[in-house]
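First the structure, in the form of structure tokens, and then the observations on it.
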Amino acid sequence: MTLWQEIKEGTVISFAALRANKLRSGLTTLGIVIGIVTVTLMATAIQGLNSAFRASISSMGSDTLYIHRFSWFNDSHAEWLKAFRRPYITLDQIEALSQQATLIKAITPFSDCRLPVTYKNRTSKSVTVLGCNEQFVNIAGNTVAEGRFFNAAEASGGRPVCTIGSGIATNLFPNISPIGKKIRVGGSTVEIVGIMSQQGNFLGAFSLDNQVIVPMRYYTLAFQHVSDYEIHIRVASMEQIEDSKEEIRGILRKIRHVPAGVEDNFAINQQEMFISTFNRIGGIIASAGLFITGLSLFVGGIGIMNIMFVSVAERTKEIGIRKAIGAKRRTILMQFLTEAAGICLFAGLLGLAIAFPLTLVIRQFLPATLSLPIVGLAVGVSLFTGVVSGFLPAWRAARMNPVDALRND
Amino acid sequence: MTNLMFRAELRESLSMALKAVAAHKLRSILTLLGVLIGVFSIIVVMTALRVMQTQIEGEMSGLGANTFAATQFPPVYFGGPEGFEKFWRRKRITMQHAKLVKEKATLASHVGVETHLWNGEVGSRFTKSTPGVELLGGTPANFLARGWDIHEGRPLLEEDLLNSRHCCVLGNALATNLFPFATAVGEQVKFDGINYTVVGVIAPKGSSSQGNQDKFAVIPISTGLDRYGRMMRSLTIYVQAPNQSAYDDTMEQVRGILRTVRKVPPGKDDDFELFSNESLITQFKTITFSVRIGVAVISSIALLAAGIGIMNIMLVSVTERTREIGIRRAVGAKKRNIMAQFILEAMVLCQLGGICGVILGIFGGNIVAFYLGLPAVIPIDWTIIGLVICSVVGVVFGTYPAYKAANLDPIESLRYE
């Protein structure tokens, strides 16, 4: 008999056996179904969490560097205090950097504060006011939806013009176009020249559309008098990001008079840091979640093993007869393995069918979908569970001495 | 008499159940393993959560007994910067407010004022401390309100405040750090370039591993305000009620006084926050409640799978022992006895698995404590809940097979092969 025939015959026999004990097979299947459903749902939820995070940080380009006195993530309060004592980054330094750096595409000084914004009788209480130059639009992850961004002449002249976020546009101007209108920002009046496209919110914490962007020279005049700025830089190409970082570091150290051998008195931040921090925390959550849900699959696997042992014991005589008329060890092994794997595979598919409507529920909270890798994983894991937990009973059946097996009642 | 009968029946059923479990060792062990893992999954998660919860609650318990605090900003805040603006726009709490509370709060036993002044490295004539030592400005009443017991020397006195003396009381960890060889009292320490005379040392806080709570020093608040300025500074007022029964009244009185002195119109919300250890911990618990419930549900799914395994194997066992059941029925066993026998068998399996699961789970959960360097906990409530759930699982999933066994026709089952 060829292997293929054996598998075919094993399948037929195991299906007959499964049908013979309907309740038993049903309960065994149910045990695995529960495991598969929980594991699939957990994997989907984790994936949803991941994609929600990615969508949320997409406002930070991966090729953008954010230079500031502070590093985004401090290991200790002491480190923060050290950063706190560093000298400010001034506009002159940023100007010098932009003239000397060669491996960059766009550079802008950056600073923000929160102020109330008013148009006629409508007020938005806490709006992020950003100061930057005309290159900001090439760095930030969004585009101008209507009108235009303020231009280089307006930026260097410090004109009272602004581009507003879509949130402000809908809040303050429900019925008319905001372009050309004048709004009160804090104590100053600025004219709207453009509206940015919608961006959503950042990590669920605050809206990115609730902002007013003004030229930095006007910003320093009207809103902020402390000369401490961030620098946002878009590098020339993603491949050269490390070279760009090195170049910027060298120039900044020179401009800020950092002696050789002393550590930088500024920090170069990038999206990477967010992702790696998230991956660290998300990895812990994911592994804990999958471990806990994996336990229920494990319990289901134990159930299968148990019931297969029973089934082997009950069918000792059948095994003896099959062996007596010439069945090989491999044939018997294959028969029981097929039975276990068959139950699990069926349970896996059933579990997926149950998990699918439940993922639609999860989708209400997280952008989760039952993706193809997860489906593949679920089927693979269920097959694997079946083979692993079916192996010991099948091995015991295959190793039986035909004489003893026939004598058994 | 019936009681005696019942006991005899129970004993018999139990011994039969144990024998049946022992007869099929492999099968029993596998079933038991299922329950074990199910219970382990609940207990390990709950122990780990409890470890972290204990830690966080310990950190939140910065106040003494029957004490509450008034601040401009809420101590716990979740939400975006938009919401926080509201707190920024509030009036600051000044020394004047604190003075008026002290004068008018007749129900309070102590009213203390505190403010954070500086954070950094402290030097003594022997050594330097690690960075991040907190310098606080305080009053004598703070020692009572915050539960700072004096280890040696004396606390701050009213005279220190009146004269704005350059004296300080050190936290225990800081004192042993700066003066490793002898007492700190009478020595000089240097904060932010200024020398202060140490007049006292505070006793260490509890036995837990929160060494950081002791890494601070207190100077008279008048000295602190002179040195570090009153501008942009919002003080924290600590009020201690004389006892638990007067606590709510005291809080209401202080709320009224603060509303009056801060000129909050009737009907408007308070423009300050009042909180105590309990309110913080309650708040924390409400916030994490849904998380804990979700985790509990997810971790009990494995137990459900184990229950199904038990049901399955009990059904097998009933089928195999059909003859035995037939004989027992034939010699006079009632349906009840058969039912009890099989339910007990299921419960014995569950309890054995459950106990092992609880033990392993507590060990597993405390690995988290070990890694984070926190004190280990044994969640007694979850241990009990785990074992109870186990019995419930045994009864629920054992009932159907037992019912099936009890309702077998004695004649048919005797004939069964």
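Chain labels follow the order of the structure tokens: the first chain is A, the next B, and so on; residue numbering restarts at 1 in every chain, and ligands are counted from 1 in their shown order.
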
With the cut-off set at 7 Å and counting only C-alpha atoms, tabulate each residue of chain A with an atom at most that distance from an atom of chain B, showing the nearest atom pair and its distance in Å to one decimal, ordered by chain and increasing number, as JSON lines.
{"residue": "A:Arg24", "atom": "CA", "partner": "B:Asn312", "partner_atom": "CA", "distance": 6.0}
{"residue": "A:Leu27", "atom": "CA", "partner": "B:Asn312", "partner_atom": "CA", "distance": 6.3}
{"residue": "A:Thr28", "atom": "CA", "partner": "B:Gly309", "partner_atom": "CA", "distance": 7.0}
{"residue": "A:Gly31", "atom": "CA", "partner": "B:Ala305", "partner_atom": "CA", "distance": 4.9}
{"residue": "A:Ile34", "atom": "CA", "partner": "B:Ala305", "partner_atom": "CA", "distance": 6.6}
{"residue": "A:His77", "atom": "CA", "partner": "B:Gly132", "partner_atom": "CA", "distance": 6.7}
{"residue": "A:Ala78", "atom": "CA", "partner": "B:Gly132", "partner_atom": "CA", "distance": 5.8}
{"residue": "A:Ser126", "atom": "CA", "partner": "B:Glu82", "partner_atom": "CA", "distance": 5.8}
{"residue": "A:Ala205", "atom": "CA", "partner": "B:Gly80", "partner_atom": "CA", "distance": 4.7}
{"residue": "A:Phe206", "atom": "CA", "partner": "B:Gly80", "partner_atom": "CA", "distance": 5.1}
{"residue": "A:Ile292", "atom": "CA", "partner": "B:Ser299", "partner_atom": "CA", "distance": 6.0}
{"residue": "A:Leu295", "atom": "CA", "partner": "B:Ala302", "partner_atom": "CA", "distance": 6.1}
{"residue": "A:Ser296", "atom": "CA", "partner": "B:Ala302", "partner_atom": "CA", "distance": 3.7}
{"residue": "A:Val299", "atom": "CA", "partner": "B:Gly34", "partner_atom": "CA", "distance": 5.0}
{"residue": "A:Gly300", "atom": "CA", "partner": "B:Ala305", "partner_atom": "CA", "distance": 5.9}
{"residue": "A:Ile302", "atom": "CA", "partner": "B:Gly34", "partner_atom": "CA", "distance": 6.4}
{"residue": "A:Gly303", "atom": "CA", "partner": "B:Gly309", "partner_atom": "CA", "distance": 5.0}
{"residue": "A:Asn306", "atom": "CA", "partner": "B:Arg27", "partner_atom": "CA", "distance": 6.0}
{"residue": "A:Ile307", "atom": "CA", "partner": "B:Ile313", "partner_atom": "CA", "distance": 6.9}

Would you mind exporting N, CA and C atoms of the selected residues as a JSON list (two decimals), in the first residue's frame?
[["chain", "number", "residue", "atom", "x", "y", "z"],
["A", 24, "ARG", "N", -19.07, 12.55, 21.95],
["A", 24, "ARG", "CA", -17.67, 12.65, 22.34],
["A", 24, "ARG", "C", -16.89, 13.54, 21.37],
["A", 27, "LEU", "N", -17.85, 17.24, 21.80],
["A", 27, "LEU", "CA", -17.26, 17.92, 22.97],
["A", 27, "LEU", "C", -15.78, 18.19, 22.77],
["A", 28, "THR", "N", -15.09, 17.20, 22.21],
["A", 28, "THR", "CA", -13.65, 17.39, 21.96],
["A", 28, "THR", "C", -13.44, 18.58, 21.03],
["A", 31, "GLY", "N", -13.90, 21.89, 22.75],
["A", 31, "GLY", "CA", -12.73, 22.30, 23.54],
["A", 31, "GLY", "C", -11.73, 23.06, 22.67],
["A", 34, "ILE", "N", -13.05, 26.58, 21.37],
["A", 34, "ILE", "CA", -12.89, 27.66, 22.34],
["A", 34, "ILE", "C", -11.48, 28.24, 22.28],
["A", 77, "HIS", "N", 14.51, 60.65, 36.05],
["A", 77, "HIS", "CA", 14.27, 62.06, 36.31],
["A", 77, "HIS", "C", 15.59, 62.84, 36.25],
["A", 78, "ALA", "N", 16.66, 62.18, 36.69],
["A", 78, "ALA", "CA", 17.96, 62.85, 36.68],
["A", 78, "ALA", "C", 18.36, 63.25, 35.26],
["A", 126, "SER", "N", -9.02, 76.14, 23.48],
["A", 126, "SER", "CA", -7.63, 75.74, 23.64],
["A", 126, "SER", "C", -7.11, 75.20, 22.32],
["A", 205, "ALA", "N", -4.85, 60.99, 22.24],
["A", 205, "ALA", "CA", -4.74, 61.96, 23.31],
["A", 205, "ALA", "C", -5.26, 63.33, 22.91],
["A", 206, "PHE", "N", -4.82, 63.84, 21.76],
["A", 206, "PHE", "CA", -5.30, 65.15, 21.37],
["A", 206, "PHE", "C", -5.40, 65.26, 19.84],
["A", 292, "ILE", "N", -1.92, 33.69, 27.71],
["A", 292, "ILE", "CA", -3.14, 33.36, 28.46],
["A", 292, "ILE", "C", -4.15, 32.65, 27.56],
["A", 295, "LEU", "N", -3.16, 29.14, 26.63],
["A", 295, "LEU", "CA", -3.41, 28.13, 27.65],
["A", 295, "LEU", "C", -4.72, 27.40, 27.37],
["A", 296, "SER", "N", -5.76, 28.15, 26.91],
["A", 296, "SER", "CA", -7.03, 27.46, 26.69],
["A", 296, "SER", "C", -6.92, 26.50, 25.50],
["A", 299, "VAL", "N", -5.28, 23.46, 26.89],
["A", 299, "VAL", "CA", -6.24, 22.63, 27.61],
["A", 299, "VAL", "C", -7.05, 21.81, 26.62],
["A", 300, "GLY", "N", -7.47, 22.45, 25.52],
["A", 300, "GLY", "CA", -8.21, 21.72, 24.48],
["A", 300, "GLY", "C", -7.38, 20.57, 23.93],
["A", 302, "ILE", "N", -5.01, 18.94, 25.48],
["A", 302, "ILE", "CA", -4.97, 17.87, 26.48],
["A", 302, "ILE", "C", -6.25, 17.04, 26.40],
["A", 303, "GLY", "N", -7.38, 17.72, 26.19],
["A", 303, "GLY", "CA", -8.66, 17.02, 26.05],
["A", 303, "GLY", "C", -8.61, 16.01, 24.91],
["A", 306, "ASN", "N", -6.44, 13.03, 25.77],
["A", 306, "ASN", "CA", -7.14, 12.18, 26.70],
["A", 306, "ASN", "C", -8.14, 11.29, 25.97],
["A", 307, "ILE", "N", -8.92, 11.91, 25.12],
["A", 307, "ILE", "CA", -10.00, 11.16, 24.46],
["A", 307, "ILE", "C", -9.41, 10.19, 23.44]]

For range 11-19 of chain A, please output as a list in words all residues within 10 Å (counting only C-alpha atoms; exclusion window: fewer than 3 positions along the same chain). Gln5, Glu6, Ile7, Lys8, Lys22, Leu23, Arg24, Ser25, Gly26, Ser311, Arg315, Met334, Gln335, Phe336, Leu337, Thr338, Glu339, Ala340, Gly342 and Ile343 of chain A

Neighbours of range 72-75 of chain B within 6 Å (only C-alpha atoms; same-chain residues fewer than 2 positions away dropped), as a PyMOL selection string? chain B and resi 87+272-273

Just C-alpha atoms for this one: save the residues we selected as a PDB file, in the first residue's frame.
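Contents of selection.pdb, as written:
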ATOM      1  CA  PHE B  87      -6.857  73.408  35.759  1.00  0.00           C
ATOM      2  CA  PHE B 272      -9.484  73.147  43.598  1.00  0.00           C
ATOM      3  CA  GLU B 273      -9.198  69.416  44.206  1.00  0.00           C
TER       4      GLU B 273
END

So which bits of range 177-370 of chain A end up alpha helix (DSSP H) when you DSSP the backbone, as an NGL selection string? :A and (216-222 or 241-255 or 271-314 or 316-324 or 329-362)

Taking the DSSP assignment computed from this structure's backbone, write out as a PyMOL selection string all residues of range 202-319 of chain A that belong to strand (DSSP E or B). chain A and resi 202+206-207+211-215+230-235+267-270

Write the selection just made, keeping N, CA, C and O atoms, as a short mmCIF file (atom, residue, chain, number, x, y, z; two decimals), in the first residue's frame?
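Contents of selection23.cif, as written:
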data_model
loop_
_atom_site.label_atom_id
_atom_site.label_comp_id
_atom_site.auth_asym_id
_atom_site.auth_seq_id
_atom_site.Cartn_x
_atom_site.Cartn_y
_atom_site.Cartn_z
N PHE A 202 -3.65 62.21 17.84
CA PHE A 202 -2.37 61.60 18.11
C PHE A 202 -2.47 60.68 19.32
O PHE A 202 -2.71 61.15 20.43
N PHE A 206 -4.82 63.84 21.76
CA PHE A 206 -5.30 65.15 21.37
C PHE A 206 -5.40 65.26 19.84
O PHE A 206 -4.75 64.52 19.12
N SER A 207 -6.24 66.19 19.41
CA SER A 207 -6.51 66.31 17.98
C SER A 207 -5.39 67.07 17.29
O SER A 207 -4.85 68.05 17.81
N GLN A 211 -5.45 73.25 15.18
CA GLN A 211 -4.23 74.06 15.24
C GLN A 211 -4.25 75.24 14.27
O GLN A 211 -4.97 75.25 13.28
N VAL A 212 -3.45 76.23 14.65
CA VAL A 212 -3.26 77.41 13.82
C VAL A 212 -1.77 77.53 13.58
O VAL A 212 -0.99 77.52 14.53
N ILE A 213 -1.36 77.59 12.32
CA ILE A 213 0.07 77.64 11.99
C ILE A 213 0.42 79.03 11.51
O ILE A 213 -0.18 79.53 10.54
N VAL A 214 1.36 79.68 12.19
CA VAL A 214 1.75 81.04 11.80
C VAL A 214 3.25 81.08 11.52
O VAL A 214 3.98 80.21 11.98
N PRO A 215 3.72 82.08 10.75
CA PRO A 215 5.17 82.20 10.52
C PRO A 215 5.92 82.41 11.84
O PRO A 215 5.42 83.09 12.73
N GLU A 230 12.36 74.06 18.88
CA GLU A 230 12.66 72.73 18.36
C GLU A 230 13.05 72.91 16.90
O GLU A 230 12.71 73.92 16.28
N ILE A 231 13.74 71.92 16.34
CA ILE A 231 14.03 71.95 14.91
C ILE A 231 13.39 70.70 14.29
O ILE A 231 13.58 69.60 14.81
N HIS A 232 12.62 70.89 13.24
CA HIS A 232 12.11 69.73 12.51
C HIS A 232 12.84 69.67 11.17
O HIS A 232 12.91 70.67 10.46
N ILE A 233 13.38 68.51 10.87
CA ILE A 233 14.18 68.37 9.64
C ILE A 233 13.71 67.17 8.86
O ILE A 233 13.50 66.09 9.43
N ARG A 234 13.51 67.33 7.58
CA ARG A 234 13.26 66.18 6.72
C ARG A 234 14.56 65.87 6.01
O ARG A 234 15.13 66.74 5.36
N VAL A 235 15.04 64.64 6.10
CA VAL A 235 16.34 64.32 5.52
C VAL A 235 16.19 64.12 4.02
O VAL A 235 15.10 63.88 3.52
N ALA A 267 19.10 66.72 21.73
CA ALA A 267 18.72 65.35 21.43
C ALA A 267 18.08 65.29 20.06
O ALA A 267 17.29 66.16 19.71
N ILE A 268 18.48 64.29 19.25
CA ILE A 268 17.86 64.10 17.94
C ILE A 268 16.83 62.98 18.07
O ILE A 268 17.18 61.82 18.30
N ASN A 269 15.56 63.35 18.00
CA ASN A 269 14.48 62.38 18.15
C ASN A 269 13.95 61.98 16.79
O ASN A 269 13.96 62.77 15.86
N GLN A 270 13.44 60.77 16.68
CA GLN A 270 12.75 60.39 15.46
C GLN A 270 11.66 59.37 15.75
O GLN A 270 11.61 58.81 16.85
#

Separation of CA of Ile89 in chain A from CA of Phe70 in chain A, in Å and rounded to one decimal: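 Value for the CA of Ile89 in chain A-CA of Phe70 in chain A distance: 10.8 Å.
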
Neighbouring residues of range 140-151 of chain A were defined as those with any atom within 9 Å, considering only C-alpha atoms; residues of the same chain fewer than 2 positions away were excluded. Please report them as a ChimeraX atom specification. /A:58-61,64,133-138,153-156,161-163,166,179,192-199,214-215,232,234

Output N, CA, C and O atoms for every residue in the selection just made, as a short mmCIF file (atom, residue, chain, number, x, y, z; two decimals), in the first residue's frame.
data_model
loop_
_atom_site.label_atom_id
_atom_site.label_comp_id
_atom_site.auth_asym_id
_atom_site.auth_seq_id
_atom_site.Cartn_x
_atom_site.Cartn_y
_atom_site.Cartn_z
N SER A 58 1.38 58.28 12.13
CA SER A 58 1.75 58.54 10.74
C SER A 58 1.95 60.04 10.49
O SER A 58 2.53 60.43 9.49
N SER A 59 1.48 60.88 11.44
CA SER A 59 1.72 62.31 11.29
C SER A 59 3.21 62.63 11.42
O SER A 59 3.66 63.68 10.98
N MET A 60 3.96 61.70 12.05
CA MET A 60 5.40 61.88 12.10
C MET A 60 6.00 61.05 10.99
O MET A 60 5.85 59.84 10.98
N GLY A 61 6.64 61.68 10.05
CA GLY A 61 7.24 60.92 8.97
C GLY A 61 8.42 60.12 9.49
O GLY A 61 9.08 60.51 10.45
N THR A 64 11.82 62.01 9.25
CA THR A 64 11.87 63.33 9.86
C THR A 64 12.61 63.25 11.20
O THR A 64 12.44 62.30 11.95
N ASN A 133 8.44 77.85 9.69
CA ASN A 133 8.62 78.57 8.44
C ASN A 133 7.88 77.86 7.30
O ASN A 133 7.18 76.87 7.53
N GLU A 134 8.03 78.36 6.07
CA GLU A 134 7.22 77.87 4.96
C GLU A 134 7.54 76.41 4.60
O GLU A 134 6.74 75.75 3.94
N GLN A 135 8.70 75.88 5.08
CA GLN A 135 9.05 74.51 4.71
C GLN A 135 8.30 73.48 5.56
O GLN A 135 8.38 72.27 5.31
N PHE A 136 7.59 73.96 6.57
CA PHE A 136 6.88 73.06 7.47
C PHE A 136 5.95 72.12 6.72
O PHE A 136 5.80 70.94 7.06
N VAL A 137 5.33 72.66 5.67
CA VAL A 137 4.35 71.87 4.93
C VAL A 137 5.00 70.67 4.24
O VAL A 137 4.36 69.66 3.97
N ASN A 138 6.33 70.78 3.97
CA ASN A 138 7.04 69.64 3.37
C ASN A 138 7.49 68.62 4.40
O ASN A 138 7.97 67.56 4.05
N ALA A 153 8.20 84.53 1.55
CA ALA A 153 8.23 85.97 1.79
C ALA A 153 7.46 86.31 3.06
O ALA A 153 7.90 87.08 3.90
N GLU A 154 6.28 85.68 3.21
CA GLU A 154 5.48 85.92 4.41
C GLU A 154 6.19 85.42 5.65
O GLU A 154 6.14 86.03 6.71
N ALA A 155 6.87 84.26 5.50
CA ALA A 155 7.57 83.68 6.64
C ALA A 155 8.71 84.58 7.08
O ALA A 155 8.86 84.90 8.25
N SER A 156 9.53 85.04 6.10
CA SER A 156 10.69 85.85 6.50
C SER A 156 10.26 87.25 6.90
O SER A 156 10.93 87.91 7.69
N VAL A 161 -0.25 86.10 9.04
CA VAL A 161 -1.11 85.20 8.26
C VAL A 161 -1.04 83.82 8.91
O VAL A 161 -0.14 83.54 9.70
N CYS A 162 -2.00 82.97 8.59
CA CYS A 162 -1.96 81.64 9.19
C CYS A 162 -2.64 80.61 8.29
O CYS A 162 -3.44 80.95 7.43
N THR A 163 -2.23 79.35 8.50
CA THR A 163 -2.93 78.22 7.90
C THR A 163 -3.57 77.49 9.06
O THR A 163 -2.93 77.28 10.09
N SER A 166 -8.14 71.58 9.98
CA SER A 166 -9.51 71.40 9.52
C SER A 166 -10.50 71.48 10.69
O SER A 166 -11.65 71.87 10.50
N ILE A 179 -11.16 81.20 4.16
CA ILE A 179 -10.04 81.85 3.47
C ILE A 179 -10.27 83.37 3.41
O ILE A 179 -11.35 83.82 3.02
N ILE A 192 -6.41 84.27 7.59
CA ILE A 192 -6.31 82.87 7.17
C ILE A 192 -6.01 82.81 5.68
O ILE A 192 -6.71 83.43 4.88
N VAL A 193 -4.95 82.06 5.31
CA VAL A 193 -4.65 81.91 3.89
C VAL A 193 -4.89 80.49 3.41
O VAL A 193 -4.98 80.25 2.21
N GLY A 194 -5.00 79.54 4.32
CA GLY A 194 -5.18 78.16 3.87
C GLY A 194 -5.69 77.26 4.97
O GLY A 194 -5.66 77.62 6.15
N ILE A 195 -6.17 76.09 4.56
CA ILE A 195 -6.66 75.10 5.50
C ILE A 195 -5.93 73.79 5.25
O ILE A 195 -5.79 73.34 4.11
N MET A 196 -5.45 73.16 6.33
CA MET A 196 -4.76 71.89 6.18
C MET A 196 -5.79 70.77 6.08
O MET A 196 -6.92 70.90 6.54
N SER A 197 -5.36 69.64 5.51
CA SER A 197 -6.28 68.50 5.42
C SER A 197 -6.39 67.82 6.79
O SER A 197 -5.56 68.03 7.67
N GLN A 198 -7.42 66.99 6.91
CA GLN A 198 -7.69 66.37 8.20
C GLN A 198 -6.64 65.34 8.57
O GLN A 198 -6.17 64.58 7.74
N GLN A 199 -6.27 65.29 9.86
CA GLN A 199 -5.20 64.40 10.30
C GLN A 199 -5.60 63.41 11.37
O GLN A 199 -4.89 62.47 11.64
N VAL A 214 1.36 79.68 12.19
CA VAL A 214 1.75 81.04 11.80
C VAL A 214 3.25 81.08 11.52
O VAL A 214 3.98 80.21 11.98
N PRO A 215 3.72 82.08 10.75
CA PRO A 215 5.17 82.20 10.52
C PRO A 215 5.92 82.41 11.84
O PRO A 215 5.42 83.09 12.73
N HIS A 232 12.62 70.89 13.24
CA HIS A 232 12.11 69.73 12.51
C HIS A 232 12.84 69.67 11.17
O HIS A 232 12.91 70.67 10.46
N ARG A 234 13.51 67.33 7.58
CA ARG A 234 13.26 66.18 6.72
C ARG A 234 14.56 65.87 6.01
O ARG A 234 15.13 66.74 5.36
#

Between CA of Val218 in chain B and CA of Glu252 in chain B lies a distance of 28.9 Å

For Glu152 in chain B: contacts at 12 Å, only C-alpha atoms, fewer than 6 positions along chain excluded, given as a compact mmCIF listing (two decimals) with all heavy atoms, in the first residue's frame:
# COMPACT_ATOMS: atom_id res chain seq x y z
N VAL B 169 14.77 68.88 57.95
CA VAL B 169 14.60 67.53 58.47
C VAL B 169 14.76 66.59 57.27
O VAL B 169 14.19 66.83 56.21
CB VAL B 169 13.20 67.37 59.09
CG1 VAL B 169 12.98 65.95 59.55
CG2 VAL B 169 13.01 68.34 60.24
N LEU B 170 15.60 65.55 57.46
CA LEU B 170 15.91 64.68 56.32
C LEU B 170 15.06 63.42 56.34
O LEU B 170 14.72 62.90 57.40
CB LEU B 170 17.39 64.27 56.37
CG LEU B 170 18.44 65.37 56.32
CD1 LEU B 170 19.82 64.74 56.31
CD2 LEU B 170 18.26 66.25 55.10
N GLY B 171 14.75 62.91 55.17
CA GLY B 171 14.15 61.58 55.05
C GLY B 171 15.18 60.55 55.44
O GLY B 171 16.39 60.79 55.34
N ASN B 172 14.71 59.39 55.87
CA ASN B 172 15.64 58.42 56.43
C ASN B 172 16.69 57.94 55.44
O ASN B 172 17.88 57.89 55.75
CB ASN B 172 14.84 57.23 56.96
CG ASN B 172 15.65 56.43 57.93
OD1 ASN B 172 16.45 55.62 57.51
ND2 ASN B 172 15.49 56.72 59.21
N ALA B 175 19.27 60.57 54.91
CA ALA B 175 20.16 60.76 56.07
C ALA B 175 21.23 59.67 56.11
O ALA B 175 22.42 59.97 56.29
CB ALA B 175 19.34 60.75 57.36
N ALA B 182 27.53 58.29 61.36
CA ALA B 182 26.97 58.71 62.64
C ALA B 182 25.69 59.49 62.38
O ALA B 182 25.22 59.58 61.25
CB ALA B 182 27.97 59.57 63.40
N THR B 183 25.15 60.07 63.43
CA THR B 183 23.88 60.77 63.31
C THR B 183 24.01 62.01 62.41
O THR B 183 25.07 62.63 62.34
CB THR B 183 23.35 61.17 64.69
OG1 THR B 183 22.18 61.96 64.49
CG2 THR B 183 24.38 61.99 65.46
N ALA B 184 22.92 62.32 61.75
CA ALA B 184 22.91 63.48 60.87
C ALA B 184 22.56 64.75 61.63
O ALA B 184 22.85 65.85 61.17
CB ALA B 184 21.91 63.26 59.75
N VAL B 185 21.95 64.61 62.80
CA VAL B 185 21.45 65.78 63.52
C VAL B 185 22.61 66.69 63.92
O VAL B 185 23.61 66.22 64.46
CB VAL B 185 20.64 65.34 64.76
CG1 VAL B 185 20.20 66.55 65.56
CG2 VAL B 185 19.45 64.51 64.33
N GLY B 186 22.47 67.97 63.63
CA GLY B 186 23.50 68.93 63.96
C GLY B 186 24.49 69.17 62.83
O GLY B 186 25.25 70.13 62.86
N VAL B 198 20.84 70.27 59.87
CA VAL B 198 19.89 69.16 60.05
C VAL B 198 19.42 69.17 61.50
O VAL B 198 20.24 69.15 62.43
CB VAL B 198 20.55 67.81 59.73
CG1 VAL B 198 19.56 66.68 59.93
CG2 VAL B 198 21.08 67.81 58.31
N VAL B 199 18.11 69.26 61.72
CA VAL B 199 17.59 69.23 63.09
C VAL B 199 16.91 67.90 63.39
O VAL B 199 16.69 67.57 64.56
CB VAL B 199 16.60 70.38 63.36
CG1 VAL B 199 17.32 71.72 63.29
CG2 VAL B 199 15.42 70.35 62.42
N GLY B 200 16.55 67.13 62.38
CA GLY B 200 15.88 65.87 62.67
C GLY B 200 15.92 64.93 61.48
O GLY B 200 16.26 65.32 60.37
N VAL B 201 15.61 63.67 61.76
CA VAL B 201 15.55 62.65 60.72
C VAL B 201 14.22 61.92 60.86
O VAL B 201 13.79 61.60 61.97
CB VAL B 201 16.73 61.65 60.83
CG1 VAL B 201 16.57 60.53 59.81
CG2 VAL B 201 18.05 62.36 60.65
N ILE B 202 13.56 61.70 59.72
CA ILE B 202 12.26 61.03 59.74
C ILE B 202 12.44 59.52 59.72
O ILE B 202 13.36 59.01 59.06
CB ILE B 202 11.44 61.51 58.52
CG1 ILE B 202 11.13 62.99 58.66
CG2 ILE B 202 10.15 60.71 58.36
CD1 ILE B 202 10.61 63.64 57.42
N ALA B 203 11.57 58.83 60.46
CA ALA B 203 11.65 57.37 60.50
C ALA B 203 11.35 56.78 59.13
O ALA B 203 10.59 57.37 58.37
CB ALA B 203 10.64 56.84 61.52
N PRO B 204 11.97 55.62 58.81
CA PRO B 204 11.69 55.01 57.50
C PRO B 204 10.21 54.65 57.37
O PRO B 204 9.56 54.28 58.35
CB PRO B 204 12.57 53.77 57.47
CG PRO B 204 12.97 53.53 58.86
CD PRO B 204 12.92 54.83 59.58

If you count only C-alpha atoms, which residues fall within 9 Å of Gln55 in chain B, apart from same-chain ones fewer than 4 positions away, as an NGL selection string? :B and (50-51 or 59-60 or 210 or 374-375)

Give me the residues within 12 Å of Gly376 in chain A as JSON, numbers by chain, counting only C-alpha atoms and dropping any in the same chain fewer than 5 places off. {"A": [36, 40, 43, 345, 348, 349, 352, 370, 371, 381, 382, 383, 384]}

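Distance-wise, CA of Ala355 in chain A and CA of Val379 in chain A end up 12.6 Å apart.
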